[in-house]
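Written below as structure tokens is the structure these notes are about.
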Amino acid sequence: MGLRITTWNVNGIRNPFSYQPWRESRTFQAMFDTLEADIVVMQETKIQRKDLQDDMVLVPGWDVFFSLPKYKKGYSGVAIYTRSSKCCPIRAEEGITGILCPPSSSTRYRDLQPENQIGGYPRPGQLSSELDEAVLDSEGRCVILEFPAFVLIGVYSPATRDDTRTEFRESFQEALDVRVRNLVAMGKEVFLCGDLNIVRSVLDTAGLAERLRKEGMSLEEYFSLPSRRFLNQLVFGGDVFGERDEGREQPVMWDLCREFHPDRTGMYTCWEVKKNARPGNYGSRIDYVLCTSGIKDWFMDANIQEGLLGSDHCPVYATLSDTLSKDGTQLHITDLMNPEGMFKDGVRQREWSTKDLLPLSAKLIPEFNNRRSIRDMFSRASSISMTKPSPTPTPGNNEAQSSGNSGEGFFTTPTAEDQPQDNSIPATQSLDPVATAASKPQSVNPIAPKRQAEATTSSNRPQKKTKASLTKQPSATSGSGGGQRTLMGFFKPKNPPPSPKSGKEMASMTANPPADPSETTSTQTSTTASPQQKQANTEKYLAQDDTPEDCPGESSKASSTSFLASPQANKTKIIDPVQSKESWSKLLGGRILPKCEHGDECQIMTTKKPGVNRGRSFYVCPRPLGPSGDKEVGTEFRCRTFIWSSDWSGRRE
């Protein structure tokens, strides 16, 4: 199928795994196979060095090169994955200016020997900005790979957020333009791809006319802004108003997607998530695949993959032909995408090995160097365990093994002296012959005395004080054990309710009250002190809450609650939990969402624009914006419904 190069702003390297179809396998290898790509250029990885994981770096059959931000956390970041079976770069660099140093080196890329350089670095005087070059390459925005066929530049250009980033944005784009033109002047072909955050024509954004009308800006002024002017002067067919800038007199690159789809509308690669603009395809094209004139005819296709979710951007790809013409000679693409001698006429001459890794490869990071994937580790371990026989213990070498282990202090096998003796086995119980043989005296393990000493020491160790030990005198009602024996004891009250008395007993006590009040006290004390009576009272006390009032045959249990002073206490009101929940929901429940013109429940949003309404909530139609980018009437897209939250008082009935 040729060789496909895919660029994708993933908005977080693990973000696609939250969407279909990536969530099924959740591996980078499966993702790249679904993309059918041989080189994958990712932007906005949003990770740091410490966040790198095995599944990111040790992808079977793939090599990877990262450019990570030096100071900002969870920001920017570019990664390029290459399939080792199809391509292998011969040089790799991080940054656009060459000011950075290779890993484990203090020599800058621009100061390396010529045979180790990619070249094209900005020369003194070519950059008009006063911004330090080290600052431009400190945010992890560019990775450059060189193949025998061309130089691949994967870039994430700064976006227009506020005026504080204008200088950085324009300086970075100027350095990118200089680097590309210098490489072309050296005679090298260049393939530039990534998120440039630039709209270069009217076809590349939705609702441009209405936006310009609101901002009071003309079309010429819009495309004359420095960022759009830079891109249109770089590519063939760009709309350049006025005279070209010095050093940019001629375009040097082709917009491949527009070459294959020159008049296609709605070919957008980015959509605003907050407005849910993707279903209505109200977006912009800011991700590009560009190439120089020398390799333009090598490409057989270029397109976007708007149906693949996983980010606010969609993947964009360009496919190279299997065979191509160079200097009048037909060559295979693999011959020009690998080091010399690895392929010849499309046939592999030698396998890829770790010797082909470049210093920038993430596989050479100390945490991942000389390591393989987890699957390979398990397969290797299983093969070793199958080929290496395990030693079979024999009665003759038990003593030798014990003496050998005693010097190391590792694992020991407890002997008969270490095992607790159980003398409670009845004499009539038959013993297992194997167990009988095992219970015979064996050779004494040298470590056994040490284990015995540890046990003796632990037994003499002072124990923690318990509640029972803090009690001055034992309770009269406590059992022989002096502690909680069953789970029921946890529910026993300290002072259980007095046992109910029958009507005759109550009448006799009323008619013949005791002469001495101490008799009644002694009677109650004796009743409370009885463990059997205490257990019975506790069971009745626990069962009284579980017995419904209208349950037949349970009148005796219900009468056990008559210890309450008032007769009305026997009639406990049963609260329906469903009814109670509905009552509280009516009192404290949220508002009923209003309906839009489509009959759908509105969604609530908050105003974030500066002004008097900042922070206020409002209801709008939940449907996505349509192709017009505005509210529509009589369509399936977002309608004109708008209600301030303070003006809506609907509640659940």
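In the structure tokens, chains take letters A, B, ... by order of appearance, with residues numbered from 1 within each chain and ligands from 1 in the order shown.
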Subject >> Close residues, Phe66 in chain A itself excluded, 9 Å, only C-alpha atoms, min 2 positions apart in chain, as a VMD selection string >> reply: chain A and resid 64 68 77 to 81 94 140 142 to 143 360 to 362
Quick one: residues within 9 Å of Pro251 in chain A, only C-alpha atoms counted, chain neighbours fewer than 2 positions away excluded, as a PDB file with all heavy atoms, in the first residue's frame?
ATOM      1  N   ASN A 232       1.328  31.393   3.785  1.00  0.00           N
ATOM      2  CA  ASN A 232       0.995  31.593   2.380  1.00  0.00           C
ATOM      3  C   ASN A 232       2.229  31.921   1.539  1.00  0.00           C
ATOM      4  O   ASN A 232       2.227  31.682   0.324  1.00  0.00           O
ATOM      5  CB  ASN A 232      -0.037  32.721   2.242  1.00  0.00           C
ATOM      6  CG  ASN A 232      -1.447  32.249   2.562  1.00  0.00           C
ATOM      7  OD1 ASN A 232      -1.872  31.198   2.086  1.00  0.00           O
ATOM      8  ND2 ASN A 232      -2.153  32.999   3.380  1.00  0.00           N
ATOM      9  N   GLN A 233       3.256  32.467   2.133  1.00  0.00           N
ATOM     10  CA  GLN A 233       4.496  32.683   1.395  1.00  0.00           C
ATOM     11  C   GLN A 233       5.352  31.422   1.331  1.00  0.00           C
ATOM     12  O   GLN A 233       6.227  31.307   0.483  1.00  0.00           O
ATOM     13  CB  GLN A 233       5.310  33.810   2.058  1.00  0.00           C
ATOM     14  CG  GLN A 233       4.667  35.187   1.908  1.00  0.00           C
ATOM     15  CD  GLN A 233       5.538  36.288   2.462  1.00  0.00           C
ATOM     16  OE1 GLN A 233       6.186  37.043   1.737  1.00  0.00           O
ATOM     17  NE2 GLN A 233       5.575  36.402   3.782  1.00  0.00           N
ATOM     18  N   LEU A 234       5.081  30.463   2.205  1.00  0.00           N
ATOM     19  CA  LEU A 234       5.846  29.219   2.220  1.00  0.00           C
ATOM     20  C   LEU A 234       5.335  28.227   1.188  1.00  0.00           C
ATOM     21  O   LEU A 234       6.125  27.484   0.587  1.00  0.00           O
ATOM     22  CB  LEU A 234       5.806  28.608   3.627  1.00  0.00           C
ATOM     23  CG  LEU A 234       6.591  27.320   3.845  1.00  0.00           C
ATOM     24  CD1 LEU A 234       8.096  27.578   3.720  1.00  0.00           C
ATOM     25  CD2 LEU A 234       6.264  26.718   5.216  1.00  0.00           C
ATOM     26  N   VAL A 235       4.007  28.196   0.955  1.00  0.00           N
ATOM     27  CA  VAL A 235       3.408  27.175   0.091  1.00  0.00           C
ATOM     28  C   VAL A 235       3.066  27.770  -1.271  1.00  0.00           C
ATOM     29  O   VAL A 235       2.833  28.979  -1.413  1.00  0.00           O
ATOM     30  CB  VAL A 235       2.139  26.585   0.744  1.00  0.00           C
ATOM     31  CG1 VAL A 235       2.465  25.951   2.080  1.00  0.00           C
ATOM     32  CG2 VAL A 235       1.061  27.651   0.918  1.00  0.00           C
ATOM     33  N   PHE A 236       3.026  26.887  -2.251  1.00  0.00           N
ATOM     34  CA  PHE A 236       2.589  27.281  -3.589  1.00  0.00           C
ATOM     35  C   PHE A 236       1.079  27.509  -3.581  1.00  0.00           C
ATOM     36  O   PHE A 236       0.327  26.750  -2.973  1.00  0.00           O
ATOM     37  CB  PHE A 236       2.938  26.196  -4.600  1.00  0.00           C
ATOM     38  CG  PHE A 236       4.407  26.071  -4.869  1.00  0.00           C
ATOM     39  CD1 PHE A 236       5.194  25.180  -4.150  1.00  0.00           C
ATOM     40  CD2 PHE A 236       5.017  26.837  -5.856  1.00  0.00           C
ATOM     41  CE1 PHE A 236       6.540  25.049  -4.413  1.00  0.00           C
ATOM     42  CE2 PHE A 236       6.371  26.718  -6.124  1.00  0.00           C
ATOM     43  CZ  PHE A 236       7.141  25.824  -5.402  1.00  0.00           C
ATOM     44  N   GLY A 237       0.648  28.550  -4.274  1.00  0.00           N
ATOM     45  CA  GLY A 237      -0.781  28.858  -4.362  1.00  0.00           C
ATOM     46  C   GLY A 237      -1.313  29.650  -3.198  1.00  0.00           C
ATOM     47  O   GLY A 237      -2.531  29.839  -3.085  1.00  0.00           O
ATOM     48  N   GLY A 238      -0.447  30.142  -2.327  1.00  0.00           N
ATOM     49  CA  GLY A 238      -0.916  30.935  -1.198  1.00  0.00           C
ATOM     50  C   GLY A 238      -1.307  32.340  -1.601  1.00  0.00           C
ATOM     51  O   GLY A 238      -0.732  32.927  -2.526  1.00  0.00           O
ATOM     52  N   ARG A 248      11.724  35.494   1.393  1.00  0.00           N
ATOM     53  CA  ARG A 248      10.575  34.625   1.118  1.00  0.00           C
ATOM     54  C   ARG A 248      10.017  34.927  -0.276  1.00  0.00           C
ATOM     55  O   ARG A 248       8.809  34.873  -0.495  1.00  0.00           O
ATOM     56  CB  ARG A 248       9.495  34.824   2.172  1.00  0.00           C
ATOM     57  CG  ARG A 248       9.972  34.578   3.593  1.00  0.00           C
ATOM     58  CD  ARG A 248       8.884  34.871   4.602  1.00  0.00           C
ATOM     59  NE  ARG A 248       9.350  34.662   5.978  1.00  0.00           N
ATOM     60  CZ  ARG A 248       8.607  34.902   7.067  1.00  0.00           C
ATOM     61  NH1 ARG A 248       7.379  35.404   6.932  1.00  0.00           N
ATOM     62  NH2 ARG A 248       9.100  34.685   8.270  1.00  0.00           N
ATOM     63  N   GLU A 249      10.903  35.201  -1.182  1.00  0.00           N
ATOM     64  CA  GLU A 249      10.444  35.595  -2.517  1.00  0.00           C
ATOM     65  C   GLU A 249       9.772  34.447  -3.262  1.00  0.00           C
ATOM     66  O   GLU A 249       8.870  34.678  -4.082  1.00  0.00           O
ATOM     67  CB  GLU A 249      11.624  36.115  -3.338  1.00  0.00           C
ATOM     68  CG  GLU A 249      12.188  37.456  -2.859  1.00  0.00           C
ATOM     69  CD  GLU A 249      13.119  37.303  -1.685  1.00  0.00           C
ATOM     70  OE1 GLU A 249      13.427  36.140  -1.338  1.00  0.00           O
ATOM     71  OE2 GLU A 249      13.545  38.321  -1.116  1.00  0.00           O
ATOM     72  N   MET A 253       7.089  24.856  -0.765  1.00  0.00           N
ATOM     73  CA  MET A 253       6.381  23.653  -0.331  1.00  0.00           C
ATOM     74  C   MET A 253       4.989  23.603  -0.940  1.00  0.00           C
ATOM     75  O   MET A 253       4.428  24.624  -1.369  1.00  0.00           O
ATOM     76  CB  MET A 253       6.282  23.578   1.202  1.00  0.00           C
ATOM     77  CG  MET A 253       7.600  23.712   1.932  1.00  0.00           C
ATOM     78  SD  MET A 253       7.558  23.056   3.604  1.00  0.00           S
ATOM     79  CE  MET A 253       7.736  21.302   3.275  1.00  0.00           C
ATOM     80  N   TRP A 254       4.444  22.371  -0.977  1.00  0.00           N
ATOM     81  CA  TRP A 254       3.113  22.120  -1.519  1.00  0.00           C
ATOM     82  C   TRP A 254       2.184  21.621  -0.415  1.00  0.00           C
ATOM     83  O   TRP A 254       2.574  20.786   0.401  1.00  0.00           O
ATOM     84  CB  TRP A 254       3.160  21.091  -2.643  1.00  0.00           C
ATOM     85  CG  TRP A 254       3.928  21.541  -3.845  1.00  0.00           C
ATOM     86  CD1 TRP A 254       5.263  21.415  -4.085  1.00  0.00           C
ATOM     87  CD2 TRP A 254       3.385  22.198  -4.994  1.00  0.00           C
ATOM     88  NE1 TRP A 254       5.600  21.955  -5.296  1.00  0.00           N
ATOM     89  CE2 TRP A 254       4.459  22.441  -5.887  1.00  0.00           C
ATOM     90  CE3 TRP A 254       2.112  22.607  -5.369  1.00  0.00           C
ATOM     91  CZ2 TRP A 254       4.291  23.071  -7.120  1.00  0.00           C
ATOM     92  CZ3 TRP A 254       1.946  23.231  -6.599  1.00  0.00           C
ATOM     93  CH2 TRP A 254       3.021  23.456  -7.450  1.00  0.00           C
TER      94      TRP A 254
END
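Those residues of range 20-131 of chain A that DSSP, working from the backbone, places in strand (DSSP E or B) are A:Ile39, A:Val40, A:Val41, A:Met42, A:Gln43, A:Trp62, A:Asp63, A:Val64, A:Phe65, A:Phe66, A:Ser67, A:Val78, A:Ala79, A:Ile80, A:Tyr81, A:Thr82, A:Arg83, A:Arg91, A:Ala92, A:Glu93, A:Glu94.
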Subject >> Those of range 570-648 of chain A in DSSP helix (DSSP H, G or I), formatted as a ChimeraX atom specification >> reply: /A:570,577-588,645-647
Output the selection as a PDB file, in the first residue's frame - C-alpha atoms for each residue.
ATOM      1  CA  ASN A 570     -46.204   0.650  71.382  1.00  0.00           C
ATOM      2  CA  PRO A 577     -38.661   5.358  52.406  1.00  0.00           C
ATOM      3  CA  VAL A 578     -39.957   5.923  48.867  1.00  0.00           C
ATOM      4  CA  GLN A 579     -42.475   8.476  50.031  1.00  0.00           C
ATOM      5  CA  SER A 580     -39.881  10.142  52.220  1.00  0.00           C
ATOM      6  CA  LYS A 581     -37.446  10.385  49.322  1.00  0.00           C
ATOM      7  CA  GLU A 582     -40.091  11.937  47.083  1.00  0.00           C
ATOM      8  CA  SER A 583     -40.985  14.459  49.782  1.00  0.00           C
ATOM      9  CA  TRP A 584     -37.399  15.560  50.226  1.00  0.00           C
ATOM     10  CA  SER A 585     -36.908  15.667  46.465  1.00  0.00           C
ATOM     11  CA  LYS A 586     -39.825  18.042  46.126  1.00  0.00           C
ATOM     12  CA  LEU A 587     -38.363  20.239  48.838  1.00  0.00           C
ATOM     13  CA  LEU A 588     -34.689  20.176  47.871  1.00  0.00           C
ATOM     14  CA  SER A 645     -30.982  30.538  34.744  1.00  0.00           C
ATOM     15  CA  SER A 646     -32.208  33.281  37.063  1.00  0.00           C
ATOM     16  CA  ASP A 647     -35.333  33.707  34.914  1.00  0.00           C
TER      17      ASP A 647
END
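Using only C-alpha atoms, the nearest neighbour of Gly120 in chain A within the list A:Ile153, A:Cys101, A:Leu145, A:Val178 is A:Val178.
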Please provide the set of residues having any atom within 8 Å of Ala149 in chain A, restricted to only C-alpha atoms, with same-chain residues fewer than 4 positions apart removed, written as a tab-separated table (two decimals) with C-alpha atoms, in the first residue's frame.
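So the final result, stored in part-v9.tsv, reads:
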chain	number	residue	atom	x	y	z
A	189	GLU	CA	13.90	17.47	0.32
A	336	LEU	CA	15.08	5.37	0.36
A	337	MET	CA	13.54	5.21	3.84
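Between CA of Ile13 in chain A and CA of Val180 in chain A there is a distance of 27.0 Å.
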Original post:
Using only C-alpha atoms, which of the listed residues (A:Lys595, A:Arg348, A:Arg278, A:Arg181) sits closest to Asp335 in chain A?
Top reply: A:Arg348
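From CA of Lys355 in chain A back to CA of Asn369 in chain A, the distance works out to 12.3 Å.
Taking CA of Thr329 in chain A and CA of Lys86 in chain A as the two end points, the separation is 20.7 Å.
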Subject >> Counting only C-alpha atoms, the option among A:Thr486, A:Thr323, A:Thr164, A:Asn197 closest to Arg285 in chain A >> reply: A:Asn197
Original post:
Restricting the calculation to only C-alpha atoms, which member of A:Phe17, A:Trp298, A:Phe618, A:Phe637 is positioned closest to His332 in chain A?
Top reply: A:Trp298
Subject >> Shell around Val240 in chain A at 10 Å using only C-alpha atoms, local window under 3 positions removed, as a ChimeraX atom specification >> reply: /A:220,223-224,228-233,237,243-245
Could you write those residues out with C-alpha atoms, as a PDB file, in the first residue's frame?
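File selection_6.pdb, as written:
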ATOM      1  CA  GLU A 220      -7.058  41.326   3.120  1.00  0.00           C
ATOM      2  CA  PHE A 223      -4.751  37.107   5.624  1.00  0.00           C
ATOM      3  CA  SER A 224      -2.074  39.758   6.049  1.00  0.00           C
ATOM      4  CA  ARG A 228      -1.060  33.592   7.799  1.00  0.00           C
ATOM      5  CA  ARG A 229       1.335  35.603   5.698  1.00  0.00           C
ATOM      6  CA  PHE A 230       4.181  33.282   6.735  1.00  0.00           C
ATOM      7  CA  LEU A 231       2.308  30.150   5.628  1.00  0.00           C
ATOM      8  CA  ASN A 232       0.995  31.593   2.380  1.00  0.00           C
ATOM      9  CA  GLN A 233       4.496  32.683   1.395  1.00  0.00           C
ATOM     10  CA  GLY A 237      -0.781  28.858  -4.362  1.00  0.00           C
ATOM     11  CA  GLU A 243       5.023  42.505  -1.885  1.00  0.00           C
ATOM     12  CA  ARG A 244       6.651  39.347  -0.556  1.00  0.00           C
ATOM     13  CA  ASP A 245       8.956  39.598   2.427  1.00  0.00           C
TER      14      ASP A 245
END
**OP:** For each of A:Glu601, A:Asp239, A:Glu115, A:Asp38, take the minimum atom-to-atom distance to Arg623 in chain A, counting only C-alpha atoms, then give the residue where this is smallest.
**Re:** A:Glu601
**OP:** Skip Leu320 in chain A itself and residues of its chain fewer than 3 positions away, then list as a count of residues only all residues within 9 Å of it, counting only C-alpha atoms.
**Re:** 13
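Counting only C-alpha atoms and comparing A:Glu367, A:Asp195, A:Glu44, A:Glu24, the residue that lies closest to Val289 in chain A is A:Asp195.
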